[in-house]
Amino acid sequence: MAGPRRVSSSSAPSFENTESGFGGPLPPHILIVEARYYEEIADGLLTGATGAIKAAGGSFDVLTVPGALEIPSAIVMALDAAVQRGRAYDAAIALGCVIRGETTHYDIVAGESSRALMDISVQRALPLGNGILTVENDEQARVRASISEMNKGGGAADAALHMVALKRRLHGVEA
């Protein structure tokens with residue numbers, strides 16, 4: 001069986017400056033909502049995500065919530081507020097970690113947060129990178145969050161950036 005795929009931020013599309021601006025009308029503006037229930041894991045995920053966005057020439061805002069279940073509702077609130085302020089987000093990234101414990105709470109948190117994120121993405125045609133880790137133990141979480149190992153925060157940002165580029169291309173807007 002093949003090992004886990006390692007992600008580098010170099011695989012994301014670039015929105016760097018060109019003669020016409022930032023490769024299109026605007027650089028991507030990304031919402032990051034992070035759950036900081038596990039501080040060390042959250043730090044790694046956020047470092048990976050922000051590094052990938054910066055490397056692609058984008059900008060971002062970060063909101064912090066207590067846990068993974070709060071991420072979807074925070075995304076919806078922030079999306080609506082951004083539209084009211086006149087600068088909508090091009091994508092959202094969810095970052096967090098759910099570690100299996102002794103009860104079924106893990107299944108509820110992992111499943112419901114993922115389902116809600118997918119609902120938001122599909123209903124709003126929102127490019128969304130899901131960087132909520134669902135793991136068996138602390139070591140798995142550490143490896144996945146580390147930018148020098150699996151860099152799942154960077155991978156979630158890369159996925160969101162790819163979807164922004166796809167959406168812009170489909171709508172006839174240069175990425």
# chains A, B, ... in the order shown; residues from 1 in each chain; ligands from 1

$ residues_around --residues "segment 91-94 of chain A" --least-positions-apart "3" --cutoff "10 Å" --atoms "only C-alpha atoms" --output "ChimeraX atom specification"
/A:28-35,45-46,49,60-63,68,71-72,74-76,78-79,88,113-114,117,121,125-133,153,156-161,163-164

$ atom_distance --atom1 "atom CA of Arg36 of chain A" --atom2 "atom CA of Ala165 of chain A"
28.8 Å

$ residues_around --residues "Thr134 of chain A" --least-positions-apart "5" --cutoff "8 Å" --atoms "only C-alpha atoms" --output "list of chain:residue names"
A:Cys97, A:Val98, A:Ile99, A:Arg100, A:Ala110, A:Ala141

$ write_last_selection --atoms "N, CA, C and O atoms" --output "PDB file, in the first residue's frame"
ATOM      1  N   CYS A  97      -8.589  19.786  14.704  1.00  0.00           N
ATOM      2  CA  CYS A  97      -8.164  18.410  14.944  1.00  0.00           C
ATOM      3  C   CYS A  97      -9.169  17.719  15.863  1.00  0.00           C
ATOM      4  O   CYS A  97      -9.596  18.300  16.867  1.00  0.00           O
ATOM      5  N   VAL A  98      -9.527  16.506  15.480  1.00  0.00           N
ATOM      6  CA  VAL A  98     -10.388  15.662  16.307  1.00  0.00           C
ATOM      7  C   VAL A  98      -9.627  14.360  16.525  1.00  0.00           C
ATOM      8  O   VAL A  98      -9.285  13.670  15.564  1.00  0.00           O
ATOM      9  N   ILE A  99      -9.337  14.070  17.788  1.00  0.00           N
ATOM     10  CA  ILE A  99      -8.601  12.857  18.134  1.00  0.00           C
ATOM     11  C   ILE A  99      -9.568  11.875  18.796  1.00  0.00           C
ATOM     12  O   ILE A  99     -10.287  12.230  19.727  1.00  0.00           O
ATOM     13  N   ARG A 100      -9.574  10.641  18.294  1.00  0.00           N
ATOM     14  CA  ARG A 100     -10.486   9.621  18.820  1.00  0.00           C
ATOM     15  C   ARG A 100     -10.232   9.406  20.310  1.00  0.00           C
ATOM     16  O   ARG A 100      -9.100   9.304  20.758  1.00  0.00           O
ATOM     17  N   ALA A 110     -16.371  14.548  14.119  1.00  0.00           N
ATOM     18  CA  ALA A 110     -15.725  14.385  12.819  1.00  0.00           C
ATOM     19  C   ALA A 110     -16.757  14.381  11.697  1.00  0.00           C
ATOM     20  O   ALA A 110     -16.605  15.087  10.694  1.00  0.00           O
ATOM     21  N   ALA A 141      -1.676  13.229  14.709  1.00  0.00           N
ATOM     22  CA  ALA A 141      -2.024  14.646  14.558  1.00  0.00           C
ATOM     23  C   ALA A 141      -0.768  15.486  14.349  1.00  0.00           C
ATOM     24  O   ALA A 141      -0.718  16.351  13.469  1.00  0.00           O
TER      25      ALA A 141
END

$ select_by_dssp --residues "segment 12-148 of chain A" --states "strand (DSSP E or B)" --output "MDAnalysis selection string"
chainID A and resid 18 21 29:35 59:65 91:99 128:135

$ select_by_dssp --residues "segment 36-95 of chain A" --states "helix (DSSP H, G or I)" --output "VMD selection string"
chain A and resid 39 to 55 68 to 85

$ write_last_selection --atoms "N, CA, C and O atoms" --output "tab-separated table (two decimals), in the first residue's frame"
chain	number	residue	atom	x	y	z
A	39	GLU	N	-3.60	23.24	20.84
A	39	GLU	CA	-2.80	24.41	20.48
A	39	GLU	C	-1.63	24.09	19.55
A	39	GLU	O	-1.45	24.75	18.53
A	40	GLU	N	-0.81	23.11	19.89
A	40	GLU	CA	0.38	22.79	19.09
A	40	GLU	C	-0.02	22.35	17.68
A	40	GLU	O	0.59	22.75	16.69
A	41	ILE	N	-1.07	21.56	17.58
A	41	ILE	CA	-1.54	21.08	16.29
A	41	ILE	C	-2.09	22.27	15.49
A	41	ILE	O	-1.80	22.43	14.30
A	42	ALA	N	-2.85	23.13	16.15
A	42	ALA	CA	-3.41	24.31	15.49
A	42	ALA	C	-2.31	25.21	14.95
A	42	ALA	O	-2.43	25.75	13.85
A	43	ASP	N	-1.24	25.38	15.71
A	43	ASP	CA	-0.12	26.21	15.25
A	43	ASP	C	0.46	25.67	13.95
A	43	ASP	O	0.71	26.42	13.01
A	44	GLY	N	0.69	24.36	13.89
A	44	GLY	CA	1.26	23.76	12.68
A	44	GLY	C	0.33	23.89	11.49
A	44	GLY	O	0.76	24.23	10.38
A	45	LEU	N	-0.95	23.62	11.70
A	45	LEU	CA	-1.92	23.73	10.60
A	45	LEU	C	-1.99	25.16	10.07
A	45	LEU	O	-2.00	25.38	8.86
A	46	LEU	N	-2.04	26.13	10.99
A	46	LEU	CA	-2.13	27.53	10.57
A	46	LEU	C	-0.87	27.98	9.84
A	46	LEU	O	-0.95	28.67	8.82
A	47	THR	N	0.29	27.57	10.32
A	47	THR	CA	1.54	27.93	9.65
A	47	THR	C	1.57	27.39	8.22
A	47	THR	O	1.95	28.08	7.28
A	48	GLY	N	1.14	26.14	8.05
A	48	GLY	CA	1.10	25.55	6.72
A	48	GLY	C	0.12	26.27	5.80
A	48	GLY	O	0.44	26.56	4.64
A	49	ALA	N	-1.07	26.57	6.30
A	49	ALA	CA	-2.09	27.22	5.48
A	49	ALA	C	-1.67	28.64	5.08
A	49	ALA	O	-1.76	29.01	3.91
A	50	THR	N	-1.21	29.42	6.04
A	50	THR	CA	-0.85	30.80	5.72
A	50	THR	C	0.37	30.85	4.80
A	50	THR	O	0.45	31.70	3.93
A	51	GLY	N	1.29	29.90	4.98
A	51	GLY	CA	2.45	29.85	4.08
A	51	GLY	C	2.05	29.59	2.64
A	51	GLY	O	2.58	30.20	1.71
A	52	ALA	N	1.10	28.67	2.45
A	52	ALA	CA	0.65	28.35	1.09
A	52	ALA	C	-0.09	29.54	0.46
A	52	ALA	O	0.09	29.83	-0.73
A	53	ILE	N	-0.89	30.22	1.25
A	53	ILE	CA	-1.63	31.39	0.72
A	53	ILE	C	-0.66	32.50	0.34
A	53	ILE	O	-0.76	33.10	-0.73
A	54	LYS	N	0.30	32.78	1.21
A	54	LYS	CA	1.30	33.81	0.91
A	54	LYS	C	2.10	33.45	-0.34
A	54	LYS	O	2.35	34.31	-1.17
A	55	ALA	N	2.48	32.18	-0.45
A	55	ALA	CA	3.26	31.74	-1.61
A	55	ALA	C	2.48	31.91	-2.91
A	55	ALA	O	3.08	32.13	-3.97
A	68	ALA	N	-13.92	21.99	16.59
A	68	ALA	CA	-14.27	21.69	15.19
A	68	ALA	C	-15.75	21.89	14.89
A	68	ALA	O	-16.11	22.30	13.78
A	69	LEU	N	-16.63	21.62	15.83
A	69	LEU	CA	-18.06	21.78	15.57
A	69	LEU	C	-18.46	23.24	15.35
A	69	LEU	O	-19.47	23.50	14.70
A	70	GLU	N	-17.68	24.16	15.85
A	70	GLU	CA	-18.01	25.58	15.69
A	70	GLU	C	-17.50	26.16	14.37
A	70	GLU	O	-17.89	27.27	13.99
A	71	ILE	N	-16.65	25.46	13.68
A	71	ILE	CA	-16.06	25.98	12.44
A	71	ILE	C	-17.10	26.29	11.37
A	71	ILE	O	-17.11	27.39	10.81
A	72	PRO	N	-18.01	25.37	11.03
A	72	PRO	CA	-18.96	25.67	9.95
A	72	PRO	C	-19.82	26.91	10.21
A	72	PRO	O	-19.98	27.75	9.32
A	73	SER	N	-20.35	27.06	11.41
A	73	SER	CA	-21.20	28.23	11.66
A	73	SER	C	-20.37	29.51	11.63
A	73	SER	O	-20.84	30.55	11.15
A	74	ALA	N	-19.13	29.47	12.10
A	74	ALA	CA	-18.27	30.65	12.03
A	74	ALA	C	-17.98	31.03	10.58
A	74	ALA	O	-17.94	32.22	10.24
A	75	ILE	N	-17.80	30.03	9.72
A	75	ILE	CA	-17.57	30.32	8.30
A	75	ILE	C	-18.77	31.04	7.71
A	75	ILE	O	-18.62	32.06	7.03
A	76	VAL	N	-19.97	30.54	7.97
A	76	VAL	CA	-21.17	31.17	7.42
A	76	VAL	C	-21.32	32.60	7.94
A	76	VAL	O	-21.60	33.53	7.17
A	77	MET	N	-21.12	32.80	9.24
A	77	MET	CA	-21.22	34.16	9.80
A	77	MET	C	-20.20	35.10	9.16
A	77	MET	O	-20.53	36.24	8.81
A	78	ALA	N	-18.98	34.63	9.00
A	78	ALA	CA	-17.92	35.47	8.43
A	78	ALA	C	-18.18	35.75	6.95
A	78	ALA	O	-17.92	36.88	6.49
A	79	LEU	N	-18.66	34.77	6.20
A	79	LEU	CA	-18.97	35.00	4.79
A	79	LEU	C	-20.03	36.07	4.64
A	79	LEU	O	-19.89	36.97	3.81
A	80	ASP	N	-21.08	35.97	5.42
A	80	ASP	CA	-22.16	36.96	5.35
A	80	ASP	C	-21.68	38.35	5.76
A	80	ASP	O	-22.01	39.35	5.11
A	81	ALA	N	-20.88	38.43	6.81
A	81	ALA	CA	-20.36	39.72	7.27
A	81	ALA	C	-19.43	40.33	6.22
A	81	ALA	O	-19.45	41.55	6.00
A	82	ALA	N	-18.62	39.51	5.57
A	82	ALA	CA	-17.69	40.02	4.56
A	82	ALA	C	-18.44	40.62	3.38
A	82	ALA	O	-18.04	41.66	2.85
A	83	VAL	N	-19.52	39.98	2.97
A	83	VAL	CA	-20.33	40.52	1.86
A	83	VAL	C	-20.93	41.86	2.27
A	83	VAL	O	-20.91	42.82	1.50
A	84	GLN	N	-21.41	41.96	3.50
A	84	GLN	CA	-21.97	43.23	3.99
A	84	GLN	C	-20.91	44.33	4.02
A	84	GLN	O	-21.22	45.49	3.80
A	85	ARG	N	-19.66	43.96	4.30
A	85	ARG	CA	-18.56	44.94	4.34
A	85	ARG	C	-18.05	45.29	2.95
A	85	ARG	O	-17.24	46.21	2.80

$ atom_distance --atom1 "atom CA of Asn151 of chain A" --atom2 "atom CA of Leu95 of chain A"
11.7 Å
